[in-house]
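Have a look at final_37.cif; it's mmCIF, C-alpha atoms:
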```cif
data_protein
loop_
_atom_site.label_atom_id
_atom_site.label_comp_id
_atom_site.auth_asym_id
_atom_site.auth_seq_id
_atom_site.Cartn_x
_atom_site.Cartn_y
_atom_site.Cartn_z
CA MET C 1 129.20 96.30 114.52
CA THR C 2 127.79 93.10 116.04
CA GLU C 3 124.42 93.58 117.68
CA SER C 4 123.91 92.57 121.28
CA VAL C 5 120.45 91.00 121.41
CA PRO C 6 118.59 88.67 123.77
CA SER C 7 118.91 84.94 123.04
CA SER C 8 115.21 84.73 122.13
CA PRO C 9 114.27 88.27 121.09
CA SER C 10 110.73 89.24 120.20
CA PRO C 11 110.14 90.94 116.84
CA SER C 12 110.49 94.67 117.34
CA GLY C 13 112.21 97.59 115.71
CA ASP C 14 115.05 97.23 118.23
CA HIS C 15 115.97 93.81 116.82
CA THR C 16 115.21 94.43 113.15
CA LEU C 17 117.43 95.32 110.23
CA ILE C 18 115.66 96.91 107.26
CA VAL C 19 117.50 96.22 104.00
CA ILE C 20 116.90 98.78 101.23
CA PRO C 21 118.63 98.43 97.84
CA THR C 22 119.23 101.76 96.11
CA TYR C 23 120.14 103.02 92.68
CA ASN C 24 119.48 106.73 92.08
CA GLU C 25 117.06 107.14 94.99
CA MET C 26 117.96 110.64 96.20
CA SER C 27 114.45 111.94 95.44
CA THR C 28 112.80 109.51 97.86
CA LEU C 29 115.29 108.04 100.34
CA PRO C 30 115.57 110.95 102.83
CA THR C 31 111.79 111.02 103.34
CA ILE C 32 111.56 107.24 103.58
CA LEU C 33 114.22 107.06 106.31
CA ASP C 34 112.43 109.73 108.34
CA ASP C 35 109.12 107.86 107.95
CA ILE C 36 110.69 104.53 108.92
CA TRP C 37 112.05 105.93 112.17
CA ALA C 38 108.76 107.68 112.88
CA HIS C 39 107.01 104.29 112.95
CA VAL C 40 109.79 101.94 114.14
CA PRO C 41 112.26 104.20 115.95
CA GLY C 42 114.56 101.39 117.08
CA ALA C 43 115.02 99.78 113.67
CA HIS C 44 118.40 99.77 111.99
CA VAL C 45 118.55 100.38 108.24
CA LEU C 46 121.11 99.00 105.80
CA ILE C 47 121.33 100.78 102.45
CA VAL C 48 122.78 98.58 99.69
CA ASP C 49 123.87 101.09 97.07
CA ASP C 50 125.08 100.13 93.60
CA SER C 51 127.26 103.20 93.04
CA SER C 52 124.29 105.45 92.24
CA PRO C 53 125.28 108.19 89.77
CA ASP C 54 122.97 110.65 91.57
CA GLY C 55 125.06 110.47 94.76
CA THR C 56 122.71 108.35 96.88
CA GLY C 57 125.60 106.42 98.40
CA GLU C 58 127.56 109.56 99.28
CA TRP C 59 124.45 111.11 100.86
CA VAL C 60 124.02 108.01 103.05
CA ASP C 61 127.68 108.24 104.12
CA ASN C 62 127.09 111.82 105.28
CA ARG C 63 123.74 110.97 106.91
CA ARG C 64 125.41 108.22 108.91
CA GLU C 65 127.48 110.70 110.92
CA GLY C 66 126.11 110.50 114.43
CA GLU C 67 123.37 108.05 113.38
CA GLU C 68 124.08 104.55 114.73
CA ARG C 69 120.86 103.17 113.24
CA LEU C 70 122.05 103.68 109.65
CA HIS C 71 124.51 101.48 107.77
CA VAL C 72 125.61 101.28 104.15
CA LEU C 73 126.99 98.60 101.88
CA HIS C 74 128.62 100.06 98.76
CA ARG C 75 128.75 97.88 95.67
CA PRO C 76 130.90 98.78 92.66
CA ALA C 77 128.21 98.55 89.98
CA LYS C 78 124.53 97.88 89.37
CA SER C 79 124.31 94.14 89.93
CA GLY C 80 120.62 93.28 90.23
CA LEU C 81 117.93 93.40 92.89
CA ALA C 82 118.35 89.79 93.99
CA THR C 83 122.07 90.08 94.68
CA ALA C 84 121.47 93.35 96.54
CA TYR C 85 119.02 91.65 98.87
CA VAL C 86 121.20 88.56 99.24
CA ASP C 87 124.22 90.69 100.12
CA GLY C 88 122.19 92.87 102.48
CA MET C 89 120.48 90.01 104.29
CA GLY C 90 123.77 88.14 104.52
CA TRP C 91 125.28 91.23 106.15
CA GLY C 92 122.39 91.29 108.61
CA ILE C 93 122.85 87.64 109.56
CA GLU C 94 126.59 88.15 110.04
CA HIS C 95 125.94 91.11 112.32
CA GLY C 96 123.49 89.28 114.55
CA TYR C 97 120.11 90.77 113.61
CA PRO C 98 117.38 88.19 114.37
CA PHE C 99 114.81 89.80 112.06
CA ILE C 100 115.50 91.15 108.58
CA LEU C 101 112.97 93.21 106.69
CA GLN C 102 113.25 94.05 103.00
CA MET C 103 111.61 97.04 101.34
CA ASP C 104 111.95 99.26 98.29
CA ALA C 105 113.34 102.79 98.24
CA ASP C 106 110.92 104.22 95.68
CA GLY C 107 108.07 105.02 98.08
CA SER C 108 105.83 102.12 97.05
CA HIS C 109 106.14 100.46 100.47
CA ARG C 110 104.69 102.55 103.29
CA PRO C 111 106.61 102.65 106.58
CA VAL C 112 103.28 102.92 108.41
CA ASP C 113 102.72 99.24 107.52
CA LEU C 114 105.96 98.01 109.08
CA PRO C 115 104.54 97.53 112.61
CA LYS C 116 101.92 95.17 111.10
CA LEU C 117 104.63 92.83 109.86
CA LEU C 118 106.52 92.98 113.16
CA SER C 119 103.35 92.28 115.13
CA ARG C 120 102.46 89.29 112.95
CA MET C 121 105.98 87.88 113.29
CA ALA C 122 105.41 87.88 117.07
CA GLY C 123 102.32 85.66 116.65
CA PRO C 124 102.02 82.36 118.55
CA ASP C 125 102.70 80.35 115.37
CA ARG C 126 106.14 82.03 115.10
CA PRO C 127 106.16 82.51 111.33
CA ASP C 128 109.49 82.39 109.54
CA LEU C 129 108.34 84.78 106.81
CA VAL C 130 105.74 87.54 106.91
CA ILE C 131 104.70 89.03 103.56
CA GLY C 132 103.10 92.44 103.17
CA SER C 133 100.36 91.42 100.75
CA ARG C 134 98.29 93.41 98.26
CA TRP C 135 95.98 90.50 97.48
CA VAL C 136 94.62 89.38 100.85
CA PRO C 137 91.48 90.97 102.34
CA GLY C 138 92.35 94.50 103.42
CA GLY C 139 95.22 94.87 100.97
CA ALA C 140 95.11 97.67 98.39
CA ILE C 141 96.98 99.42 95.60
CA ASN C 142 97.02 103.14 94.88
CA GLY C 143 97.83 104.58 91.47
CA TRP C 144 97.63 101.49 89.27
CA SER C 145 95.51 101.11 86.16
CA ALA C 146 92.93 98.32 85.99
CA LYS C 147 95.12 96.56 83.40
CA ARG C 148 98.15 96.59 85.67
CA VAL C 149 96.09 95.27 88.60
CA ALA C 150 94.74 92.48 86.41
CA LEU C 151 98.23 91.54 85.21
CA SER C 152 99.57 91.36 88.77
CA LYS C 153 96.65 89.24 89.94
CA ALA C 154 97.02 86.95 86.92
CA GLY C 155 100.75 86.61 87.54
CA ASN C 156 100.20 85.60 91.14
CA TYR C 157 97.50 83.14 90.11
CA TYR C 158 99.96 81.60 87.64
CA VAL C 159 102.52 81.25 90.42
CA ARG C 160 99.99 79.52 92.67
CA PHE C 161 98.88 77.22 89.85
CA CYS C 162 102.38 76.22 88.78
CA LEU C 163 104.06 75.94 92.17
CA GLY C 164 101.15 74.90 94.33
CA THR C 165 101.80 77.63 96.87
CA PRO C 166 98.94 79.05 98.95
CA VAL C 167 100.63 82.47 99.13
CA ARG C 168 98.39 85.12 97.58
CA ASP C 169 101.12 87.67 96.81
CA ALA C 170 104.27 85.73 95.96
CA THR C 171 105.67 88.70 94.00
CA ALA C 172 105.44 91.12 96.95
CA GLY C 173 108.62 92.97 97.88
CA LEU C 174 107.80 94.02 101.46
CA ARG C 175 108.81 91.06 103.64
CA LEU C 176 110.04 90.24 107.12
CA HIS C 177 112.33 87.22 107.55
CA ARG C 178 113.33 85.29 110.64
CA ALA C 179 117.12 85.27 110.31
CA SER C 180 117.54 81.96 112.12
CA PHE C 181 115.49 80.19 109.44
CA LEU C 182 117.49 81.77 106.62
CA SER C 183 120.73 80.78 108.31
CA GLU C 184 119.75 77.27 109.39
CA HIS C 185 118.60 76.31 105.89
CA ALA C 186 121.28 78.26 103.99
CA VAL C 187 118.48 79.92 102.02
CA LEU C 188 120.52 82.78 100.60
CA GLY C 189 123.06 80.41 99.09
CA ARG C 190 120.29 78.70 97.10
CA VAL C 191 119.14 81.86 95.26
CA ALA C 192 119.66 81.63 91.50
CA THR C 193 117.72 84.63 90.12
CA THR C 194 119.15 88.11 89.62
CA GLY C 195 116.08 90.35 89.20
CA PHE C 196 112.54 90.70 90.48
CA GLY C 197 112.01 86.94 90.17
CA PHE C 198 113.86 86.88 93.49
CA GLN C 199 110.58 87.47 95.36
CA VAL C 200 108.89 84.40 93.87
CA GLU C 201 112.02 82.30 94.25
CA MET C 202 112.41 83.21 97.92
CA THR C 203 108.74 82.42 98.57
CA GLU C 204 109.09 78.97 97.03
CA LEU C 205 112.49 78.28 98.60
CA GLU C 206 111.29 79.09 102.10
CA ARG C 207 108.00 77.23 101.64
CA SER C 208 109.75 74.12 100.28
CA LEU C 209 112.12 74.14 103.26
CA GLY C 210 109.22 74.09 105.71
CA ALA C 211 108.84 77.76 106.58
CA THR C 212 105.69 78.97 108.27
CA ILE C 213 104.51 81.83 106.04
CA ALA C 214 101.98 84.51 106.95
CA GLU C 215 100.54 87.40 104.95
CA VAL C 216 99.29 90.72 106.29
CA PRO C 217 97.39 93.31 104.24
CA ILE C 218 99.25 96.45 103.17
CA THR C 219 98.57 99.38 100.90
CA PHE C 220 100.96 99.55 97.97
CA ASP C 221 101.52 103.00 96.46
CA GLU C 222 102.72 103.73 92.96
CA ARG C 223 106.35 104.87 93.13
CA MET C 224 106.87 108.43 94.35
CA ALA C 225 109.47 109.46 91.77
CA GLY C 226 111.96 108.23 89.20
CA GLU C 227 111.69 105.45 86.66
CA SER C 228 110.70 101.86 87.26
CA LYS C 229 113.53 99.32 87.25
CA LEU C 230 111.25 96.70 85.69
CA ASP C 231 111.98 95.65 82.13
CA SER C 232 110.95 92.80 79.85
CA SER C 233 113.96 90.64 80.77
CA ILE C 234 112.80 90.58 84.40
CA PHE C 235 109.33 89.35 83.44
CA VAL C 236 110.85 86.70 81.15
CA GLU C 237 113.15 85.51 83.94
CA GLU C 238 110.23 85.17 86.33
CA LEU C 239 107.98 83.46 83.75
CA VAL C 240 110.66 80.91 82.85
CA MET C 241 111.46 80.20 86.50
CA VAL C 242 107.81 79.65 87.49
CA THR C 243 107.07 77.53 84.41
CA LYS C 244 110.11 75.32 85.06
CA GLY C 245 109.02 74.96 88.66
CA GLY C 246 105.53 73.94 87.58
CA LEU C 247 106.82 71.36 85.10
CA SER C 248 109.16 69.94 87.73
CA ARG C 249 106.26 69.68 90.15
CA LEU C 250 104.14 67.84 87.56
CA ALA C 251 106.99 65.46 86.75
CA GLN C 252 107.48 64.67 90.41
CA ALA C 253 103.76 63.99 90.84
CA ALA C 254 103.78 61.74 87.79
CA ARG C 255 106.69 59.70 89.16
CA GLN C 256 104.73 59.09 92.34
CA VAL C 257 101.63 57.94 90.48
CA LEU C 258 103.05 55.88 87.61
CA PRO C 259 104.04 52.27 88.39
CA LYS C 260 107.74 51.54 88.57
CA ARG C 261 109.14 49.25 85.91
#
```
Could you rewrite the structure in this file as structure tokens?
Amino acid sequence: MTESVPSSPSPSGDHTLIVIPTYNEMSTLPTILDDIWAHVPGAHVLIVDDSSPDGTGEWVDNRREGEERLHVLHRPAKSGLATAYVDGMGWGIEHGYPFILQMDADGSHRPVDLPKLLSRMAGPDRPDLVIGSRWVPGGAINGWSAKRVALSKAGNYYVRFCLGTPVRDATAGLRLHRASFLSEHAVLGRVATTGFGFQVEMTELERSLGATIAEVPITFDERMAGESKLDSSIFVEELVMVTKGGLSRLAQAARQVLPKR
């Protein structure tokens, strides 16, 4: 279905596609969908399901009956968070949604915060990316240990140090994108990561291409149920990517300073 939208739509639920990757999310997804539509009734939701063994994809197929706001993209196997978002956002661009929001299905992102991102996207500076941030004033985390908070803050500091980005929460997963910017700069085709490093990579890609980026404070809740999809390989991927980016940045700066032979 191709959406019929105004030529210059304002950010609102009516013009927004929310992309949610799923893999065994039956314990949380029904509640999350109800909460999303309680706060942004006009939003459309695209579930990108990687053939969940618990029947998440089949449940969405049944839930779609009579519900024009719900869509599903079935993938044959678990293929990584980054590719799920790339496929989902690409689907949104193809179907004419001017604003594409990404969020998790595990209950860590609160639907009550979604209007904040939409409101900020409508700001006079017309941001291309709005990040729901844990680490700006007013942001918070529920259910994390002090060690985990410290690790997340340290990781984001390392990203800022290496890449020179002013973004406080480059690893955040709750984001609202302006589809025209993604399309004009072919951002999705530049993505190289497969896991959670996708968030940092997208932040740096959009920033390097001239995006106006804004952050709004959100409250991040520890997942409602199930097991975390994070593993050591994801952290290694992100560490290597950020370190390479930092070294490339230093090399570029050196070339500008050193005299040419």
What does the distance from atom CA of Arg168 of chain C to atom CA of Met103 of chain C come to in Å, to one decimal?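 Computing it gives 18.2 Å between the two atoms.
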Which is closest to Thr56 of chain C among C:His39, C:Lys153, C:His44, C:His74, if we use all atoms listed in the file?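 Closest candidate: C:His74.
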Separation of atom CA of Gly107 of chain C from atom CA of Ser183 of chain C in Å: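 Rounded to one decimal, the two atoms are 29.2 Å apart.
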Might you spell out which residues the PyMOL selection byres ((chain C and resi 109) around 12) would select in the displayed file, as a PyMOL selection string? chain C and resi 20+28-29+32-33+35-36+101-108+110-114+131-134+140-142+172-175+217-224
What is the atom CA of Lys78 of chain C to atom CA of Thr194 of chain C distance in Å?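 Separation of atom CA of Lys78 of chain C and atom CA of Thr194 of chain C: 11.2 Å.
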Give the answer as one residue: which of C:Phe99, C:Phe161, C:Trp144, C:Trp135 has the shortest atom-to-atom distance to Ser180 of chain C, using all atoms listed in the file?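 Going through C:Phe99, C:Phe161, C:Trp144, C:Trp135 one by one, the smallest distance to Ser180 of chain C is for C:Phe99.
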Which polymer residues have any atom within 8 Å of an atom of Glu206 of chain C, counting all atoms listed in the file, with same-chain residues fewer than 4 positions away left out, as a ChimeraX atom specification? /C:129,187,202,210-211
